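Trainee: Below are the structure tokens for one structure; questions will follow.
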Amino acid sequence: MKLPIRVLLTAVVASASLVACSGTKTKPNPNTGTTGSTTTTTTDHGNGGPYSGPEALDSDSCLRQRVVYFDFDKSEIRPEFQAAVACHAAYLKQFRGAKVTLEGNADERGTREYNMGLGERRGNAVSSALGAAGASSSQLNVVSYGEERPTCKDHNEGCWQKNRRVEIVYTSKQ
Amino acid sequence: MQRNDLAQLTGFLALMLMLGCAIAAPQGGSLSSEAPTITIANGTASATPIVVVPFKFEGAGLPPETDVSDVVSNDMNRCGQFRVLPKNDIVELPTRGSEIKFPTWNQLKQTYIVVGREIEQPNGDVRVEFEAYDVAKKESLLGAGLAITGPKSGLRDVAHQVADIVYEKITGVRGAFWTRVAYITSTGVGNNIQYSLMVADSDGYNPQTVVKSREPLLSPTWSPDGRKIAYNSFERGNSSIYIQEIGTGAREVVSANKGINGAPAFSPDGSHLALTLSYAGNPDIYIMDLASRHSNQITKHFAIDTEATFMPDGQSVIFTSDRSGKPQLYQASINGGDATRVTFSGEYNANGSISYDGKKIAMVQGSGNVYRIAVLDRATGDSKVISPGNLDEHPSFAPNASMIIYAATEGPRGVLYAVSADGRVRQRLVLADGDVREPSWSPYRQRGQQ
């Protein structure tokens with residue numbers, strides 16, 4: 001039962017990265033972009049590199065997107081974040097010494113240990129997407145913090161949607 | 001004697017008032033601002049009336065800070081099965097059975113009366129002698145009376161044991177007031193956040209720090225002998241499970257696999273630990289032999305399986321799984337095999353705590369954005385919501401199942417509540433700064449044990 005899900009994800013991500021690598025500017029979908037994430041218009045050298053070096057992590061607007069947000073109780077990567085995921089995959093593919101930790105998080109609703117699982121599921125979704133698009137497993141690490149590391153502490157959806165996230169943290173840049 | 005006269009006078013006035021307006025309304029939390037407050041949720045019409053007369057101190061030194069009869073009264077009140085006569089309504093102050101005028105307490109409609117004395121010992125300890133009577137029958141429940149001796153600074157412990165003995169004599173069920181709770185606090189924000197694993201008396205007094213960490217701590221759970229706590233800590237960067245001796249502070253990491261190491265729960269005999277591990281790809285339930293540290297995988301499912309807790313016979317675990325879509329409780333044998341679903345009503349049921357007899361499961365029941373504590377009666381399959389909050393979580397049964405402790409969110413912070421198993425009486429606990437959560441009720445304590 002696990003296999004079909006993985007395969008499906010891989011297929012989705014592969015097509016997303018194909019789109020990204022062909023130089024098309026994939027803009028975040030405003031209809032689902034309700035997260036307050038950085039959605040700066042790309043003025044750099046296209047999504048997916050090649051990148052000049054580690055400084056691109058700070059200068060490239062696509063690579064600067066390090067947070068992937070999720071719907072309630074869901075771990076599917078929403079369309080507007082697939083471009084960013086593709087950029088990071090391209091970077092990791094180009095710089096084989098680079099490593100990321102994918103920190104999975106959940107909102108406060110539901111039990112803490114279950115949310116630990118949910119955070120990991122989200123981290124795994126981003127990890128699988130990066131892997132499918134060319135990053136190697138040795139570059140990818142997933143840690144779930146469950147609901148223990150909220151960025152926002154109000155008890156409403158405006159806040160919860162900011163906490164349902166995976167943070168892409170570079171532990172090595174090249 | 002001035003104190004007695006005054007008490008008798010106020011008591012007399014109170015009696016007149018009461019006779020005028022029948023039995024008074026349920027009492028509110030008329031305790032000091034320092035003390036945890038008791039909330040009577042839905043009235044206690046069926047609770048048994050009991051009066052705990054202030055105990056008389058007999059000694060040369062200063063009376064102890066702890067008022068033993070206050071502690072006993074609070075215990076009896078908060079369990080939900082008793083309604084304690086308010087102190088102001090106590091019209092006479094007998095300190096031993098021979099001094100009790102039963103017609104007085106009959107008139108006040110009291111079913112039981114507890115009296116006692118605190119006798120200072122040559123070494124400074126205090127010997128608490130106490131008696132309990134059935135008012136209508138004028139019969140002693142405790143023969144010629146009982147006595148417990150403890151240090152002056154430890155009289156809360158003595159008082160809880162008095163309450164346990166009286167509770168057991170009347171209800172036939174062992175009292176669980178002399179127990180403790182473990183819980184997690186977090187204070188500060190951002191980089192200054194500090195997590196602490198705490199242990200306090202079951203009424204929230206005497207909080208002690210077990211461990212502090214800058215990284216998240218969660219899921220504390222007691223060993224059956226009450227000497228150790230297993231918990232989940234992120235001190236190593238990822239979740240790991242530690243077991244720590246409370247008395248010595250000695251601790252060791254028992255699980256630090258890749259992925260999640262979470263939701264520890266001791267087996268009833270203390271030899272095994274159920275836990276959630278995800279190194280094989282996704283969270284499943286495992287059972288670790290603590291002697292060999294070898295773990296057996298109990299569930300194998302692509303869903304999230306977590307929050308296992310042993311049934312009292314140790315032969316199966318109840319756990320949370322979202323294999324049907326949303327989280328529900330399931331039961332699986334410790335030998336593995338198919339799991340059977342336990343909860344069917346409610347869209348979200350998780351984090352079960354099982355009563356000592358296995359007949360009830362307290363759990364988090366979610367509906368929309370509202371999460372409350374519900375108790376499932378396994379014989380009937382019915383569940384009853386017993387908490388009023390919006391984000392209530394982490395229920396934990398007292399060892400005699402008379403009460404449940406849980407965490408609630410109030411504005412920006414989390415607080416703990418102890419609620420009677422029927423949901424009628426609720427006490428707010430632990431007035432710590434910051435956020436308080438993840439309470440776990442200890443097993444019974446043994447005399448002479450830390």
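Going through the structure tokens in order, the chains are called A, B, and so on, while each chain numbers its residues from 1 and the ligands are numbered from 1 in the order shown.
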Just need the residues of chain A within 9 Å of chain B, counting only C-alpha atoms, so spit them out as a PDB file with C-alpha atoms, in the first residue's frame.
Mentor:
ATOM      1  CA  MET A   1       0.000   0.000   0.000  1.00  0.00           C
ATOM      2  CA  LYS A   2       2.937   2.294   0.599  1.00  0.00           C
ATOM      3  CA  ASP A  73      -4.252  17.210   8.055  1.00  0.00           C
ATOM      4  CA  GLU A 108      -1.702  22.633  17.463  1.00  0.00           C
ATOM      5  CA  ARG A 109      -4.955  20.822  16.750  1.00  0.00           C
ATOM      6  CA  GLY A 110      -4.930  17.151  17.605  1.00  0.00           C
ATOM      7  CA  THR A 111      -2.593  15.221  19.849  1.00  0.00           C
ATOM      8  CA  ARG A 112       1.116  15.912  20.075  1.00  0.00           C
ATOM      9  CA  GLU A 113       2.421  12.481  19.186  1.00  0.00           C
ATOM     10  CA  TYR A 114       0.020  12.142  16.279  1.00  0.00           C
ATOM     11  CA  MET A 116       4.723  14.258  15.320  1.00  0.00           C
ATOM     12  CA  GLY A 117       3.721  11.680  12.728  1.00  0.00           C
ATOM     13  CA  LEU A 118       1.964  14.286  10.623  1.00  0.00           C
ATOM     14  CA  GLU A 120       7.173  13.646   9.537  1.00  0.00           C
ATOM     15  CA  ARG A 121       4.747  12.763   6.775  1.00  0.00           C
ATOM     16  CA  ASN A 124       8.871  12.932   3.882  1.00  0.00           C
ATOM     17  CA  VAL A 142      13.831  14.588   7.857  1.00  0.00           C
ATOM     18  CA  VAL A 143      13.094  15.700  11.410  1.00  0.00           C
ATOM     19  CA  SER A 144       9.573  16.129  12.685  1.00  0.00           C
ATOM     20  CA  TYR A 145       8.881  18.631  15.417  1.00  0.00           C
ATOM     21  CA  GLU A 148       6.295  21.742  19.256  1.00  0.00           C
ATOM     22  CA  ARG A 149       7.777  24.581  17.199  1.00  0.00           C
ATOM     23  CA  THR A 151       5.892  30.161  14.466  1.00  0.00           C
ATOM     24  CA  LYS A 153       0.698  30.936  18.751  1.00  0.00           C
ATOM     25  CA  ASP A 154      -2.840  32.230  18.193  1.00  0.00           C
ATOM     26  CA  HIS A 155      -5.666  29.726  18.152  1.00  0.00           C
TER      27      HIS A 155
END
Trainee: If you run DSSP on the backbone here, which positions in segment 151-210 of chain B get strand (DSSP E or B)? Please write them as a compact mmCIF listing (two decimals) with N, CA and C atoms, in the first residue's frame.
Mentor:
# COMPACT_ATOMS: atom_id res chain seq x y z
N ARG B 180 1.07 11.47 42.39
CA ARG B 180 1.69 12.64 41.79
C ARG B 180 1.31 12.76 40.32
N VAL B 181 1.62 13.89 39.76
CA VAL B 181 1.47 14.05 38.31
C VAL B 181 2.80 14.54 37.74
N ALA B 182 3.11 14.03 36.57
CA ALA B 182 4.24 14.55 35.79
C ALA B 182 3.65 15.41 34.68
N TYR B 183 4.34 16.46 34.30
CA TYR B 183 3.84 17.31 33.22
C TYR B 183 5.00 18.11 32.64
N ILE B 184 4.74 18.75 31.53
CA ILE B 184 5.76 19.54 30.84
C ILE B 184 5.37 21.02 30.92
N THR B 185 6.35 21.87 31.21
CA THR B 185 6.09 23.30 31.12
C THR B 185 7.02 23.88 30.05
N SER B 186 6.58 24.97 29.43
CA SER B 186 7.51 25.73 28.60
C SER B 186 7.35 27.20 28.95
N THR B 187 8.48 27.85 29.12
CA THR B 187 8.48 29.28 29.45
C THR B 187 9.40 29.99 28.47
N GLN B 194 12.38 27.57 27.30
CA GLN B 194 12.91 26.55 28.21
C GLN B 194 11.80 25.56 28.51
N TYR B 195 12.09 24.29 28.28
CA TYR B 195 11.13 23.24 28.58
C TYR B 195 11.55 22.55 29.87
N SER B 196 10.57 22.19 30.69
CA SER B 196 10.87 21.46 31.93
C SER B 196 9.91 20.30 32.09
N LEU B 197 10.48 19.19 32.52
CA LEU B 197 9.65 18.06 32.96
C LEU B 197 9.51 18.19 34.47
N MET B 198 8.26 18.28 34.92
CA MET B 198 8.00 18.55 36.34
C MET B 198 7.23 17.37 36.96
N VAL B 199 7.36 17.26 38.27
CA VAL B 199 6.54 16.32 39.03
C VAL B 199 5.96 17.09 40.22
N ALA B 200 4.67 16.97 40.45
CA ALA B 200 4.02 17.64 41.58
C ALA B 200 3.05 16.67 42.25
N ASP B 201 2.58 17.05 43.44
CA ASP B 201 1.52 16.29 44.08
C ASP B 201 0.29 16.32 43.18
N GLN B 208 8.31 19.94 41.45
CA GLN B 208 9.76 19.72 41.42
C GLN B 208 10.19 19.56 39.97
N THR B 209 11.35 20.11 39.64
CA THR B 209 11.86 19.95 38.28
C THR B 209 12.61 18.63 38.16
N VAL B 210 12.26 17.84 37.17
CA VAL B 210 12.96 16.58 36.92
C VAL B 210 14.07 16.79 35.90
Trainee: Work out how far atom CA of Gln331 of chain B is from atom CA of Ser267 of chain B, in Å to one decimal.
Mentor: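 These two atoms are separated by 14.8 Å.
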Trainee: As a ChimeraX atom specification, please: the residues near Trp222 of chain B (cut-off 10 Å, only C-alpha atoms, same-chain neighbours under 5 positions excluded).
Mentor: /B:180-182,227-231,243-244,246,264-266,270,440-443
Trainee: Can you pull out every residue within 7 Å of Thr149 of chain B, counting only C-alpha atoms, but drop anything in the same chain fewer than 5 positions away, and send it as JSON, numbers by chain?
Mentor: {"B": [125, 126, 127, 128]}
Trainee: Store the residues picked out above in a file with C-alpha atoms, as a PDB file, in the first residue's frame.
Mentor:
ATOM      1  CA  ASP B 125       7.489  15.170  63.663  1.00  0.00           C
ATOM      2  CA  VAL B 126       3.732  15.320  63.817  1.00  0.00           C
ATOM      3  CA  ARG B 127       1.525  12.343  64.562  1.00  0.00           C
ATOM      4  CA  VAL B 128      -1.858  12.787  62.908  1.00  0.00           C
TER       5      VAL B 128
END
Trainee: Using Å and a single decimal, report how far atom CA of Ile334 of chain B sits from atom CA of Gly119 of chain A.
Mentor: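 Atom CA of Ile334 of chain B lies 26.8 Å from atom CA of Gly119 of chain A.
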Trainee: Need to verify the contact set: segment 167-173 of chain B, 12 Å, only C-alpha atoms, exclusion of same-chain residues closer than 4 positions in sequence. Can you return it as an MDAnalysis selection string?
Mentor: chainID B and resid 47:50 72:73 75:77 79:82 111:114 131:134 140:143 160:163 177:178 356:357 399:402
Trainee: Please dump the current selection as a tab-separated table (two decimals), in the first residue's frame; keep C-alpha atoms.
Mentor:
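Full text of selection_1.tsv as output:
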chain	number	residue	atom	x	y	z
B	47	ALA	CA	-22.39	13.59	46.06
B	48	THR	CA	-22.19	12.33	49.63
B	49	PRO	CA	-22.10	15.03	52.33
B	50	ILE	CA	-19.09	14.79	54.61
B	72	VAL	CA	-8.38	16.31	53.28
B	73	SER	CA	-11.42	18.49	52.52
B	75	ASP	CA	-9.28	15.99	48.23
B	76	MET	CA	-12.77	14.82	49.11
B	77	ASN	CA	-14.33	17.72	47.21
B	79	CYS	CA	-12.96	13.72	43.47
B	80	GLY	CA	-16.63	14.49	42.79
B	81	GLN	CA	-18.09	11.77	44.99
B	82	PHE	CA	-18.25	13.91	48.11
B	111	THR	CA	-23.50	11.46	56.20
B	112	TYR	CA	-19.94	11.19	57.46
B	113	ILE	CA	-17.72	13.10	59.88
B	114	VAL	CA	-13.93	13.07	60.14
B	131	GLU	CA	-11.31	8.98	63.18
B	132	ALA	CA	-14.23	8.77	60.79
B	133	TYR	CA	-17.86	8.13	61.70
B	134	ASP	CA	-21.10	7.30	59.99
B	140	SER	CA	-16.74	4.39	63.67
B	141	LEU	CA	-15.45	3.46	60.22
B	142	LEU	CA	-11.88	3.09	61.44
B	143	GLY	CA	-12.19	1.16	64.69
B	160	HIS	CA	-3.47	12.87	51.38
B	161	GLN	CA	-2.98	9.47	53.01
B	162	VAL	CA	-5.69	10.31	55.55
B	163	ALA	CA	-7.99	11.22	52.66
B	177	PHE	CA	-5.02	11.40	46.46
B	178	TRP	CA	-1.51	10.55	47.65
B	356	TYR	CA	-7.05	0.33	35.87
B	357	ASP	CA	-9.83	-2.19	35.23
B	399	PRO	CA	-4.76	4.94	39.32
B	400	ASN	CA	-8.23	4.33	40.82
B	401	ALA	CA	-9.98	5.91	37.80
B	402	SER	CA	-11.94	8.32	40.04
Trainee: Considering only alpha helix (DSSP H) as DSSP defines it on the backbone, what residues of segment 108-165 of chain A qualify? List them as an MDAnalysis selection string.
Mentor: chainID A and resid 112:132 157:163
Trainee: Have a look at atom CA of Lys56 of chain B and atom CA of Arg174 of chain B and let me know their distance in Å, one decimal.
Mentor: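 The value is 26.5 Å.
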